[in-house]
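*Asks:* For reference, the structure I am asking about is given below.
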Number of protein chains: 2
Amino acid sequence: MCAAGGVTPGPPLPDAGAVADLGEFGLIARITAGRELSPGTLLGPGDDAAVLAAADGRVVVTTDVLVEGVHFRLDWSTPQQVGRKAVAANLADVAAMGAVPTALVVGLAVPGRTPISTVDGLAAGMWAQAAQAGADIVGGDVVSSAQLVVSVTALGDLRGRAPVTRSGARPGNVLGLCGRLGWSAAGLALLRQGFRSPLAVIAAHCAPEPPYGAGPQAASAGATAMIDISDGLVADAGHVAEASGVGIDIDSAALPVASQLVEVASALGADARHWVLTGGEDHALLASFPAGVALPVGWTQVGVVREGRGVTVDGGEVLPGGWEHFS
Amino acid sequence: MCAAGGVTPGPPLPDAGAVADLGEFGLIARITAGRELSPGTLLGPGDDAAVLAAADGRVVVTTDVLVEGVHFRLDWSTPQQVGRKAVAANLADVAAMGAVPTALVVGLAVPGRTPISTVDGLAAGMWAQAAQAGADIVGGDVVSSAQLVVSVTALGDLRGRAPVTRSGARPGNVLGLCGRLGWSAAGLALLRQGFRSPLAVIAAHCAPEPPYGAGPQAASAGATAMIDISDGLVADAGHVAEASGVGIDIDSAALPVASQLVEVASALGADARHWVLTGGEDHALLASFPAGVALPVGWTQVGVVREGRGVTVDGGEVLPGGWEHFS
C-alpha cells in the first residue's frame with residue numbers, strides 16, 4: 001500500500017482463460033505486480049522471502065485457512081468477498097492481540113480450470129481489505145489443487161504495548177464488545193434458504209468488516225484480555241474464561257440486536273438473539289477491562305467477569321456454543 | 001524447541017480414529033501441546049496470534065503450500081516426511097535470504113476421514129525439521145477439506161546483516177552452490193516407476209535436507225545474490241539472472257553428480273546430469289560471490305556471472321528449465 005493508504009490497481013491484463021493458461025509465475029506476477037508498498041515493507045514480493053520492519057523488536061503472527069465449500073461458496077460470494085474474508089479473519093486476530101496489522105503472505109491452492117478472473121477477484125479483495133487495515137501483501141505461493149484453498153498469514157506490530165492475551169481476565173472486570181454480532185449467521189441462514197437479500201446481511205456473511213482499530217484502542221485503554229469472535233460470542237467468551245480461569249456472565253439485554261436481524265429472523269422463523277449469542281465469523285472483538293475504566297469509544301459493556309468457570313447468559317444456563325471444525 | 005535444540009514429544013494420546021472424531025480444538029491441542037519453545041517465542045500457540053522476538057528490528061517472512069497429489073503422495077511418503085518437506089521448503093527460503101529461521105505457523109486443511117495418526121505424523125515431521133533449524137512452531141489453523149493441503153509460513157532473523165536478494169549478482173562474480181542437486185528428481189523417477197529403493201534417494205525426494213546454515217554463512221562471506229533451488233538449478237539460476245540483469249554460465253563439470261544418482265540413472269535409462277541441472281525440490285542454495293572471495297566451507301564454485309542475459313551451460317545452449325505449476 002502507498003503511504004496514503006490507497007490501492008494501486010494491478011496492470012491491465014487479459015482476463016480470459018483459466019489459471020492453467022497463465023502458469024504459476026504469470027499468476028504470481030498478476031497478483032503482486034504494480035502495487036505500491038508501505039515504507040515498513042523493506043523487501044516486497046518477488047524474492048525467496050520478504051523483509052519487514054519490526055521496530056518494536058517483536059512481531060505478532062497468525063494464520064487462517066479458508067476452504068471452498070467449507071468457509072465459502074463461489075455461488076454465494078464473489079471472489080472479491082472471499083479475498084476480503086480471508087484477510088479479515090487474519091487481521092482480526094492481529095487486532096485481538098492489541099497489535100496493528102502490517103503485512104500478509106498468501107498461499108493459494110487453485111484448480112487449473114479456475115478462471116483467471118476469479119484469481120484477479122481474490123487478489124483485488126485481499127488487497128482492498130489489507131489496505132483498509134494499512135497492511136501490505138508481501139509474498140505468496142500459488143499451487144494447483146482440486147479444491148480452492150486460501151491460506152493467509154498476517155503479521156502485526158504491538159508498537160511498544162504488551163500483547164493482550166486470552167488469559168488476563170480477572171473477576172470483577174467488565175466485559176466489552178466492539179463490532180457486530182449475528183450478522184454473518186443471519187446472512188448464512190438466508191443463503192442456505194436460497195435468499196440473496198437483504199444485501200447488507202448477505203454481505204456481512206460473505207465479507208465481514210472487523211473493527212481493526214478497536215484492538216489497539218482496547219489495549220491502550222488497559223484491556224486485561226481480548227479475543228476475536230470467530231466461533232461465536234458464547235464460544236469465544238468460553239475460550240477467555242478457560243484461559244483466564246474465570247467465569248463470564250453475558251448480559252443479553254446489553255447485546256445490540258440490529259433491526260435488520262430481527263426482520264430476517266422473523267422472515268425465516270429464526271431467533272435473532274440466538275444468532276447474536278452463538279453466530280461466528282463476524283470478527284467483533286471481546287475484551288475484559290478493569291472495573292471503573294471508561295470503555296473506549298465504540299465499545300459497549302455486555303457482561304462481567306466473575307469467579308468460577310464457564311459462560312452464563314443473564315446468570316442462567318449456557319447456550320450451545322459456536323463453530324468448531326469436524327464437529 | 002528447548003534451548004538445547006531437542007524436541008519434547010507431545011502428550012501420549014490415543015491414535016485410533018479419524019480427525020473428525022477429535023474435533024478442531026482437540027487436533028490443535030494434539031499438534032501443539034507439550035512442546036518446549038525457545039526464549040525468542042514470547043507467546044506461543046493457543047491465543048489469537050503468537051508473539052515473537054525480532055531483536056534485529058526486521059523480520060523475514062515466506063510461505064509455501066504443499067498439496068496432496070501435487071507435491072506429495074501418502075503412498076510414496078510417510079506423513080513425517082510430508083511434514084519435514086513442508087517445513088524444509090519454507091526454511092530454505094528463509095536461509096536463502098541469509099537469515100536464521102526462528103518460527104513457523106502452519107495451516108492444515110484435512111479431510112475428516114484422515115487417520116489421527118497421519119496428523120500426528122505430519123506434526124512430528126514438522127517439529128523435527130523445525131528443531132533441526134532451531135525454529136519453533138508457534139501457531140496454526142486446522143480446517144476440514146476434501147484434499148490434504150499443508151500451508152507453512154516461516155519467519156527468520158537477519159541478525160543485523162543485509163538481506164541477500166536475487167538481484168545483486170554482477171558480471172565477474174563467481175557462482176557458488178551448497179547442497180545436493182538431482183536427488184529429489186531421481187527419487188521421483190524411481191517412485192514413478194514403482195521402485196521403493198535405494199532408500200537414500202527415495203528419502204531425498206520425500207524429505208529434502210536443505211543446508212540451512214549455509215545461507216547466513218554465505219551472507220556473512222559477502223554473497224551478492226542468493227536463491228533456494230526449488231525449481232531446478234537452470235530455472236533458479238535463471239531467476240537470479242533475470243532479477244540481476246545478468247547472464248549466468250554454469251560449469252557442468254563442476255557440478256557434483258553422486259554415484260548413487262549415476263547408478264539410478266543407469267538402471268532407469270535416464271540421465272543423471274539432466275536431474276542435476278533441472279531437478280527441483282532439493283533446496284540446495286545457489287549464490288553469487290565477488291571474484292576472489294574464498295567460498296565458505298561446504299560451498300563449491302559451479303559457474304560464473306557474465307554480461308548478457310539468460311543461463312548457459314558450459315557456454316552453450318540452455319537446457320529446458322525446471323518446475324512450474326500449471327505448466
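By convention here, the chains of the C-alpha cells are called A, B, ... in the order presented, each chain's residues are numbered starting at 1, and ligands are numbered starting at 1 in the order presented.
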Identify, on the basis of only C-alpha atoms, every residue whose closest approach to Gly269 in chain A does not exceed 12 Å; exclude the query and any residue fewer than 5 positions from it along the same chain; express the result as an mmCIF file with C-alpha atoms, in the first residue's frame.
*Replies:*
```
data_model
loop_
_atom_site.group_PDB
_atom_site.id
_atom_site.type_symbol
_atom_site.label_atom_id
_atom_site.label_comp_id
_atom_site.auth_asym_id
_atom_site.auth_seq_id
_atom_site.Cartn_x
_atom_site.Cartn_y
_atom_site.Cartn_z
ATOM 1 C CA ALA A 186 -28.119 -14.344 9.591
ATOM 2 C CA ALA A 189 -29.214 -18.621 7.141
ATOM 3 C CA LEU A 190 -30.570 -16.526 4.268
ATOM 4 C CA GLN A 193 -32.637 -20.931 2.228
ATOM 5 C CA LEU A 261 -31.530 -9.140 12.025
ATOM 6 C CA VAL A 262 -34.893 -9.103 13.771
ATOM 7 C CA GLU A 263 -36.607 -8.717 10.386
ATOM 8 C CA VAL A 264 -34.602 -11.533 8.795
ATOM 9 C CA HIS A 274 -29.518 -16.895 19.113
#
```
*Asks:* Asp47 in chain B: which residues within 9 Å, counting only C-alpha atoms, same-chain residues fewer than 4 positions away excluded, as a list in words?
*Replies:*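 Once the nearby chain positions are removed, what remains is Asp93, Met97, Thr165, Arg166, Ser167, Ile227 and Ala243 of chain A; Leu43 and Gly139 of chain B.
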*Asks:* Using only C-alpha atoms, which residue out of B:Asp251, B:Asp56, B:Asp228, B:Glu209 lies closest to Gln132 in chain B?
*Replies:*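 Nearest to Gln132 in chain B: B:Glu209.
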*Asks:* Could you please select, counting only C-alpha atoms, the residues of chain A within 8 Å of chain B and state them as a PyMOL selection string?
*Replies:* chain A and resi 19-25+47-67+70+93-94+96-97+105-109+112+139-147+151+153+163+165-166+227-228+324-327
*Asks:* Pull C-alpha atoms from the residues just selected and write them as a tab-separated table (two decimals), in the first residue's frame.
*Replies:*
```
chain	number	residue	atom	x	y	z
A	19	VAL	CA	-5.14	-20.11	-14.45
A	20	ALA	CA	-3.54	-23.13	-16.11
A	21	ASP	CA	-3.02	-20.94	-19.21
A	22	LEU	CA	-1.17	-18.31	-17.21
A	23	GLY	CA	1.25	-20.55	-15.32
A	24	GLU	CA	2.50	-20.18	-11.76
A	25	PHE	CA	4.84	-17.26	-12.34
A	47	ASP	CA	12.35	-12.87	-3.82
A	48	ASP	CA	12.68	-16.05	-1.73
A	49	ALA	CA	11.17	-14.14	1.19
A	50	ALA	CA	10.03	-10.65	2.11
A	51	VAL	CA	11.66	-8.45	4.73
A	52	LEU	CA	9.59	-6.26	7.04
A	53	ALA	CA	10.44	-3.62	9.58
A	54	ALA	CA	9.77	-4.70	13.18
A	55	ALA	CA	10.76	-1.55	15.01
A	56	ASP	CA	9.03	-2.73	18.17
A	57	GLY	CA	11.53	-5.60	18.46
A	58	ARG	CA	8.66	-8.09	18.43
A	59	VAL	CA	6.29	-9.35	15.75
A	60	VAL	CA	2.77	-10.75	16.03
A	61	VAL	CA	1.91	-13.65	13.69
A	62	THR	CA	-1.24	-15.66	13.00
A	63	THR	CA	-2.62	-17.85	10.22
A	64	ASP	CA	-6.07	-18.89	8.98
A	65	VAL	CA	-7.11	-21.17	6.15
A	66	LEU	CA	-10.35	-20.88	4.15
A	67	VAL	CA	-11.59	-23.80	2.05
A	70	VAL	CA	-16.43	-25.20	3.91
A	93	ASP	CA	-6.64	-12.00	15.10
A	94	VAL	CA	-3.79	-9.49	14.94
A	96	ALA	CA	-7.25	-9.00	19.08
A	97	MET	CA	-3.69	-9.03	20.44
A	105	VAL	CA	1.55	-13.54	2.94
A	106	VAL	CA	-0.94	-15.57	0.96
A	107	GLY	CA	-0.99	-19.20	-0.18
A	108	LEU	CA	-3.43	-20.02	-2.94
A	109	ALA	CA	-4.20	-23.60	-3.94
A	112	GLY	CA	-6.14	-25.27	-13.01
A	139	GLY	CA	4.54	-12.55	-0.64
A	140	GLY	CA	2.74	-15.69	-1.54
A	141	ASP	CA	2.65	-19.05	-3.21
A	142	VAL	CA	0.30	-20.29	-5.92
A	143	VAL	CA	-0.08	-24.03	-6.48
A	144	SER	CA	-2.51	-26.31	-8.27
A	145	SER	CA	-5.12	-28.29	-6.35
A	146	ALA	CA	-8.50	-29.96	-6.76
A	147	GLN	CA	-10.21	-27.54	-4.36
A	151	SER	CA	-4.29	-19.63	3.28
A	153	THR	CA	-0.72	-15.40	7.40
A	163	PRO	CA	0.16	-8.19	23.91
A	165	THR	CA	-3.86	-12.42	25.62
A	166	ARG	CA	-6.92	-14.52	26.43
A	227	ILE	CA	-10.33	-12.30	21.68
A	228	ASP	CA	-11.57	-12.11	18.12
A	324	GLU	CA	-15.89	-25.99	15.51
A	325	HIS	CA	-14.47	-27.82	12.52
A	326	PHE	CA	-15.04	-31.58	12.28
A	327	SER	CA	-17.75	-31.35	14.96
```
*Asks:* Tell me which protein, DNA and RNA residues are within 9 Å of Ala204 in chain B, counting only C-alpha atoms, leaving out same-chain ones fewer than 3 positions away, and put them as a PyMOL selection string.
*Replies:* chain B and resi 183-187+199-201+207-209+282
*Asks:* Could you save the residues just selected, with C-alpha atoms, as a PDB file, in the first residue's frame?
*Replies:*
```
ATOM      1  CA  TRP B 183      18.459 -36.308  -5.721  1.00  0.00           C
ATOM      2  CA  SER B 184      14.790 -35.361  -5.451  1.00  0.00           C
ATOM      3  CA  ALA B 185      14.289 -35.776  -9.202  1.00  0.00           C
ATOM      4  CA  ALA B 186      15.982 -39.196  -9.085  1.00  0.00           C
ATOM      5  CA  GLY B 187      13.782 -40.246  -6.165  1.00  0.00           C
ATOM      6  CA  LEU B 199      16.135 -45.635   0.315  1.00  0.00           C
ATOM      7  CA  ALA B 200      18.513 -42.667   0.468  1.00  0.00           C
ATOM      8  CA  VAL B 201      17.394 -41.483  -2.968  1.00  0.00           C
ATOM      9  CA  ALA B 207      12.057 -35.212   2.784  1.00  0.00           C
ATOM     10  CA  PRO B 208      14.814 -32.950   1.451  1.00  0.00           C
ATOM     11  CA  GLU B 209      17.546 -31.743   3.803  1.00  0.00           C
ATOM     12  CA  ASP B 282      16.376 -30.432  -3.328  1.00  0.00           C
TER      13      ASP B 282
END
```
*Asks:* Let's see if you can do this: from backbone DSSP, list all helix (DSSP H, G or I) residues in range 78-197 of chain A, as an MDAnalysis selection string.
*Replies:* chainID A and resid 79:95 116:133 183:192
*Asks:* Could you save the residues just selected, with N, CA and C atoms, as a CSV table (one decimal), in the first residue's frame?
*Replies:*
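Result file is out.csv:
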```csv
chain,number,residue,atom,x,y,z
A,79,PRO,N,-15.5,-13.6,-5.7
A,79,PRO,CA,-14.1,-13.8,-5.4
A,79,PRO,C,-13.6,-12.7,-4.6
A,80,GLN,N,-14.0,-11.5,-4.9
A,80,GLN,CA,-13.5,-10.3,-4.0
A,80,GLN,C,-13.9,-10.5,-2.6
A,81,GLN,N,-15.2,-10.9,-2.4
A,81,GLN,CA,-15.6,-11.1,-1.0
A,81,GLN,C,-14.8,-12.2,-0.3
A,82,VAL,N,-14.5,-13.3,-1.0
A,82,VAL,CA,-13.7,-14.4,-0.4
A,82,VAL,C,-12.3,-13.8,-0.1
A,83,GLY,N,-11.7,-13.1,-0.9
A,83,GLY,CA,-10.4,-12.4,-0.6
A,83,GLY,C,-10.5,-11.6,0.6
A,84,ARG,N,-11.5,-10.7,0.7
A,84,ARG,CA,-11.7,-9.9,1.8
A,84,ARG,C,-11.9,-10.7,3.1
A,85,LYS,N,-12.7,-11.8,3.0
A,85,LYS,CA,-12.9,-12.6,4.2
A,85,LYS,C,-11.7,-13.3,4.7
A,86,ALA,N,-10.9,-13.8,3.8
A,86,ALA,CA,-9.7,-14.5,4.2
A,86,ALA,C,-8.7,-13.5,4.9
A,87,VAL,N,-8.6,-12.3,4.4
A,87,VAL,CA,-7.7,-11.3,5.0
A,87,VAL,C,-8.3,-10.9,6.3
A,88,ALA,N,-9.6,-10.6,6.3
A,88,ALA,CA,-10.2,-10.1,7.5
A,88,ALA,C,-10.1,-11.0,8.7
A,89,ALA,N,-10.3,-12.3,8.5
A,89,ALA,CA,-10.2,-13.3,9.6
A,89,ALA,C,-8.8,-13.2,10.2
A,90,ASN,N,-7.8,-13.0,9.4
A,90,ASN,CA,-6.4,-12.9,10.0
A,90,ASN,C,-6.1,-11.6,10.7
A,91,LEU,N,-6.5,-10.5,10.0
A,91,LEU,CA,-6.2,-9.2,10.6
A,91,LEU,C,-7.0,-9.0,11.9
A,92,ALA,N,-8.2,-9.6,12.0
A,92,ALA,CA,-8.9,-9.5,13.3
A,92,ALA,C,-8.1,-10.2,14.4
A,93,ASP,N,-7.5,-11.3,14.1
A,93,ASP,CA,-6.6,-12.0,15.1
A,93,ASP,C,-5.5,-11.1,15.5
A,94,VAL,N,-4.9,-10.4,14.6
A,94,VAL,CA,-3.8,-9.5,14.9
A,94,VAL,C,-4.3,-8.4,15.8
A,95,ALA,N,-5.5,-7.8,15.5
A,95,ALA,CA,-6.1,-6.7,16.2
A,95,ALA,C,-6.4,-7.2,17.6
A,116,ILE,N,-9.2,-17.0,-14.7
A,116,ILE,CA,-8.3,-16.0,-14.3
A,116,ILE,C,-9.0,-14.9,-13.5
A,117,SER,N,-10.2,-14.6,-14.0
A,117,SER,CA,-10.9,-13.5,-13.4
A,117,SER,C,-11.2,-13.8,-11.9
A,118,THR,N,-11.4,-15.1,-11.5
A,118,THR,CA,-11.6,-15.5,-10.1
A,118,THR,C,-10.4,-15.1,-9.3
A,119,VAL,N,-9.2,-15.5,-9.8
A,119,VAL,CA,-7.9,-15.1,-9.1
A,119,VAL,C,-7.8,-13.6,-9.0
A,120,ASP,N,-8.1,-12.9,-10.1
A,120,ASP,CA,-8.0,-11.5,-10.1
A,120,ASP,C,-8.9,-10.9,-9.0
A,121,GLY,N,-10.1,-11.5,-8.9
A,121,GLY,CA,-11.1,-11.0,-7.9
A,121,GLY,C,-10.6,-11.3,-6.4
A,122,LEU,N,-10.1,-12.5,-6.2
A,122,LEU,CA,-9.5,-12.9,-4.9
A,122,LEU,C,-8.4,-11.9,-4.5
A,123,ALA,N,-7.5,-11.6,-5.5
A,123,ALA,CA,-6.4,-10.7,-5.2
A,123,ALA,C,-6.9,-9.3,-4.9
A,124,ALA,N,-7.9,-8.8,-5.7
A,124,ALA,CA,-8.4,-7.5,-5.5
A,124,ALA,C,-9.0,-7.4,-4.1
A,125,GLY,N,-9.8,-8.4,-3.7
A,125,GLY,CA,-10.4,-8.4,-2.4
A,125,GLY,C,-9.4,-8.4,-1.3
A,126,MET,N,-8.4,-9.2,-1.4
A,126,MET,CA,-7.3,-9.2,-0.4
A,126,MET,C,-6.6,-7.9,-0.3
A,127,TRP,N,-6.2,-7.3,-1.4
A,127,TRP,CA,-5.5,-6.0,-1.4
A,127,TRP,C,-6.4,-4.9,-0.8
A,128,ALA,N,-7.7,-5.0,-1.1
A,128,ALA,CA,-8.6,-3.9,-0.6
A,128,ALA,C,-8.8,-4.0,0.9
A,129,GLN,N,-8.9,-5.3,1.4
A,129,GLN,CA,-9.1,-5.4,2.8
A,129,GLN,C,-7.8,-5.1,3.6
A,130,ALA,N,-6.7,-5.5,3.0
A,130,ALA,CA,-5.4,-5.2,3.6
A,130,ALA,C,-5.2,-3.7,3.7
A,131,ALA,N,-5.6,-3.0,2.6
A,131,ALA,CA,-5.4,-1.6,2.6
A,131,ALA,C,-6.2,-0.9,3.7
A,132,GLN,N,-7.4,-1.5,3.9
A,132,GLN,CA,-8.3,-0.9,4.9
A,132,GLN,C,-7.6,-0.9,6.3
A,133,ALA,N,-6.8,-1.9,6.5
A,133,ALA,CA,-6.1,-2.0,7.8
A,133,ALA,C,-4.7,-1.5,7.8
A,183,TRP,N,-24.7,-11.1,12.4
A,183,TRP,CA,-24.9,-10.7,11.0
A,183,TRP,C,-24.4,-11.8,10.1
A,184,SER,N,-23.3,-12.4,10.3
A,184,SER,CA,-22.8,-13.4,9.5
A,184,SER,C,-23.7,-14.7,9.5
A,185,ALA,N,-24.1,-15.0,10.7
A,185,ALA,CA,-25.0,-16.2,10.9
A,185,ALA,C,-26.4,-15.9,10.2
A,186,ALA,N,-26.9,-14.7,10.3
A,186,ALA,CA,-28.1,-14.3,9.6
A,186,ALA,C,-27.9,-14.4,8.1
A,187,GLY,N,-26.8,-13.9,7.6
A,187,GLY,CA,-26.5,-14.0,6.1
A,187,GLY,C,-26.5,-15.4,5.7
A,188,LEU,N,-25.8,-16.3,6.5
A,188,LEU,CA,-25.7,-17.7,6.1
A,188,LEU,C,-27.0,-18.4,6.1
A,189,ALA,N,-27.9,-18.0,7.1
A,189,ALA,CA,-29.2,-18.6,7.1
A,189,ALA,C,-30.0,-18.2,5.9
A,190,LEU,N,-29.9,-17.0,5.5
A,190,LEU,CA,-30.6,-16.5,4.3
A,190,LEU,C,-30.1,-17.3,3.1
A,191,LEU,N,-28.8,-17.4,2.9
A,191,LEU,CA,-28.2,-18.1,1.7
A,191,LEU,C,-28.6,-19.5,1.7
A,192,ARG,N,-28.6,-20.2,2.9
A,192,ARG,CA,-29.0,-21.6,2.9
A,192,ARG,C,-30.4,-21.8,2.5
```
*Asks:* Would you return as number ranges by chain the members of range 111-317 of chain B that DSSP assigns to strand (DSSP E) on this structure's backbone?
*Replies:* B: 136-144, 149-157, 174-178, 225-229, 247-250, 284-289, 300-306, 310-313
*Asks:* For N, CA and C atoms, I'd like the residues from the last selection saved as a short mmCIF file (atom, residue, chain, number, x, y, z; two decimals), in the first residue's frame.
*Replies:*
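Done, and the output landed in out24.cif:
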```
data_model
loop_
_atom_site.label_atom_id
_atom_site.label_comp_id
_atom_site.auth_asym_id
_atom_site.auth_seq_id
_atom_site.Cartn_x
_atom_site.Cartn_y
_atom_site.Cartn_z
N ASP B 136 10.74 -22.62 16.11
CA ASP B 136 9.55 -23.10 16.82
C ASP B 136 8.33 -23.10 15.89
N ILE B 137 7.39 -23.99 16.14
CA ILE B 137 6.06 -23.86 15.53
C ILE B 137 5.20 -23.10 16.54
N VAL B 138 4.76 -21.91 16.17
CA VAL B 138 4.15 -21.01 17.16
C VAL B 138 2.65 -20.83 16.97
N GLY B 139 2.09 -21.43 15.93
CA GLY B 139 0.65 -21.29 15.75
C GLY B 139 0.18 -22.03 14.53
N GLY B 140 -1.13 -22.07 14.37
CA GLY B 140 -1.65 -22.78 13.21
C GLY B 140 -3.16 -22.73 13.15
N ASP B 141 -3.65 -23.37 12.11
CA ASP B 141 -5.09 -23.47 11.90
C ASP B 141 -5.35 -24.84 11.29
N VAL B 142 -6.39 -25.50 11.76
CA VAL B 142 -6.76 -26.80 11.22
C VAL B 142 -8.20 -26.73 10.74
N VAL B 143 -8.43 -27.01 9.47
CA VAL B 143 -9.77 -26.93 8.90
C VAL B 143 -10.05 -28.19 8.09
N SER B 144 -11.33 -28.41 7.79
CA SER B 144 -11.69 -29.60 7.01
C SER B 144 -11.69 -29.27 5.52
N VAL B 149 -4.01 -30.33 2.35
CA VAL B 149 -3.18 -29.19 1.96
C VAL B 149 -2.40 -28.74 3.20
N VAL B 150 -1.09 -28.62 3.05
CA VAL B 150 -0.23 -28.19 4.14
C VAL B 150 0.37 -26.84 3.76
N SER B 151 -0.01 -25.82 4.50
CA SER B 151 0.45 -24.46 4.22
C SER B 151 1.34 -24.01 5.36
N VAL B 152 2.56 -23.63 5.04
CA VAL B 152 3.51 -23.23 6.08
C VAL B 152 4.02 -21.82 5.80
N THR B 153 4.11 -21.03 6.84
CA THR B 153 4.76 -19.72 6.75
C THR B 153 5.92 -19.72 7.73
N ALA B 154 7.08 -19.30 7.25
CA ALA B 154 8.28 -19.27 8.10
C ALA B 154 8.77 -17.85 8.28
N LEU B 155 9.27 -17.57 9.49
CA LEU B 155 9.86 -16.28 9.80
C LEU B 155 11.35 -16.47 10.10
N GLY B 156 12.11 -15.41 9.88
CA GLY B 156 13.55 -15.51 10.15
C GLY B 156 14.14 -14.20 10.60
N ASP B 157 15.35 -14.32 11.11
CA ASP B 157 16.07 -13.20 11.73
C ASP B 157 17.37 -12.97 10.96
N VAL B 174 31.55 -14.98 -9.01
CA VAL B 174 31.55 -16.44 -9.18
C VAL B 174 30.26 -17.01 -8.60
N LEU B 175 29.85 -18.15 -9.13
CA LEU B 175 28.59 -18.77 -8.73
C LEU B 175 28.91 -19.94 -7.81
N GLY B 176 28.34 -19.92 -6.60
CA GLY B 176 28.60 -20.99 -5.65
C GLY B 176 27.36 -21.81 -5.35
N LEU B 177 27.58 -23.07 -5.01
CA LEU B 177 26.48 -23.99 -4.70
C LEU B 177 26.75 -24.66 -3.37
N CYS B 178 25.71 -24.81 -2.55
CA CYS B 178 25.83 -25.61 -1.34
C CYS B 178 24.61 -26.50 -1.23
N ALA B 225 24.12 -12.27 -4.32
CA ALA B 225 22.76 -12.72 -4.61
C ALA B 225 22.65 -14.15 -4.13
N MET B 226 21.42 -14.58 -3.83
CA MET B 226 21.24 -15.97 -3.37
C MET B 226 19.81 -16.40 -3.67
N ILE B 227 19.66 -17.71 -3.91
CA ILE B 227 18.33 -18.28 -4.15
C ILE B 227 18.32 -19.72 -3.66
N ASP B 228 17.16 -20.14 -3.22
CA ASP B 228 16.90 -21.53 -2.86
C ASP B 228 16.53 -22.27 -4.15
N ILE B 229 17.20 -23.37 -4.42
CA ILE B 229 16.93 -24.10 -5.67
C ILE B 229 15.73 -25.03 -5.48
N GLY B 247 23.84 -12.41 -17.16
CA GLY B 247 23.82 -13.78 -17.63
C GLY B 247 24.57 -14.66 -16.65
N ILE B 248 24.26 -15.95 -16.67
CA ILE B 248 24.96 -16.90 -15.79
C ILE B 248 25.40 -18.08 -16.63
N ASP B 249 26.65 -18.47 -16.50
CA ASP B 249 27.13 -19.68 -17.16
C ASP B 249 27.47 -20.72 -16.11
N ILE B 250 26.88 -21.89 -16.29
CA ILE B 250 27.10 -23.00 -15.35
C ILE B 250 28.17 -23.92 -15.94
N ALA B 284 18.90 -26.99 -2.43
CA ALA B 284 20.28 -26.51 -2.29
C ALA B 284 20.23 -24.98 -2.40
N LEU B 285 21.33 -24.34 -2.03
CA LEU B 285 21.41 -22.88 -2.14
C LEU B 285 22.41 -22.51 -3.24
N LEU B 286 22.03 -21.54 -4.05
CA LEU B 286 22.88 -21.03 -5.12
C LEU B 286 23.15 -19.56 -4.81
N ALA B 287 24.41 -19.16 -4.87
CA ALA B 287 24.73 -17.76 -4.54
C ALA B 287 25.86 -17.26 -5.41
N SER B 288 25.87 -15.96 -5.63
CA SER B 288 26.99 -15.34 -6.33
C SER B 288 27.86 -14.62 -5.30
N PHE B 289 29.16 -14.65 -5.55
CA PHE B 289 30.13 -14.02 -4.65
C PHE B 289 31.08 -13.17 -5.47
N THR B 300 30.75 -24.85 -3.29
CA THR B 300 31.57 -25.21 -4.45
C THR B 300 31.31 -24.20 -5.56
N GLN B 301 32.35 -23.78 -6.25
CA GLN B 301 32.12 -22.91 -7.41
C GLN B 301 31.60 -23.74 -8.57
N VAL B 302 30.45 -23.33 -9.12
CA VAL B 302 29.83 -24.10 -10.21
C VAL B 302 29.55 -23.24 -11.43
N GLY B 303 30.13 -22.05 -11.49
CA GLY B 303 29.90 -21.23 -12.68
C GLY B 303 30.31 -19.80 -12.43
N VAL B 304 29.96 -18.96 -13.39
CA VAL B 304 30.31 -17.54 -13.29
C VAL B 304 29.12 -16.68 -13.72
N VAL B 305 29.10 -15.46 -13.24
CA VAL B 305 28.13 -14.46 -13.68
C VAL B 305 28.79 -13.65 -14.79
N ARG B 306 28.07 -13.47 -15.88
CA ARG B 306 28.64 -12.75 -17.04
C ARG B 306 27.69 -11.65 -17.48
N GLY B 310 20.12 -14.54 -19.46
CA GLY B 310 19.84 -15.97 -19.53
C GLY B 310 20.93 -16.84 -18.93
N VAL B 311 20.66 -18.13 -18.98
CA VAL B 311 21.56 -19.12 -18.38
C VAL B 311 22.12 -20.02 -19.47
N THR B 312 23.41 -20.17 -19.50
CA THR B 312 24.04 -21.14 -20.40
C THR B 312 24.74 -22.19 -19.57
N VAL B 313 24.93 -23.35 -20.17
CA VAL B 313 25.68 -24.42 -19.53
C VAL B 313 26.92 -24.68 -20.38
#
```
*Asks:* Show which residues sit within 9 Å of Trp76 in chain B, as a list of chain:residue names. Count only C-alpha atoms, and ignore same-chain residues fewer than 4 positions away.
*Replies:* B:Phe72, B:Leu191, B:Arg196, B:Ile202, B:Cys206
*Asks:* Would you save the residues of that selection, restricted to C-alpha atoms, as a compact mmCIF listing (two decimals), in the first residue's frame?
*Replies:*
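Result file follows (part-v3.txt):
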```txt
# COMPACT_ATOMS: atom_id res chain seq x y z
CA PHE B 72 3.41 -35.38 -2.28
CA LEU B 191 8.78 -43.76 -7.36
CA ARG B 196 10.94 -48.07 -3.32
CA ILE B 202 13.70 -42.02 -2.22
CA CYS B 206 10.19 -37.31 0.21
```
*Asks:* Suppose you want the space between CA of His205 in chain A and CA of Gly17 in chain A; what is it in Å?
*Replies:*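 Interatomic distance here is 29.2 Å.
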*Asks:* What is the CA of Asn173 in chain A-CA of Pro290 in chain A distance in Å, reported with one decimal?
*Replies:*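 A separation of 4.6 Å between them.
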*Asks:* Counting only C-alpha atoms, which residue out of B:Gly44, B:Gly160, B:Ala33, B:Ser197 sits closest to Ala267 in chain B?
*Replies:*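 Looking only at the distances to Ala267 in chain B, the closest residue turns out to be B:Ser197.
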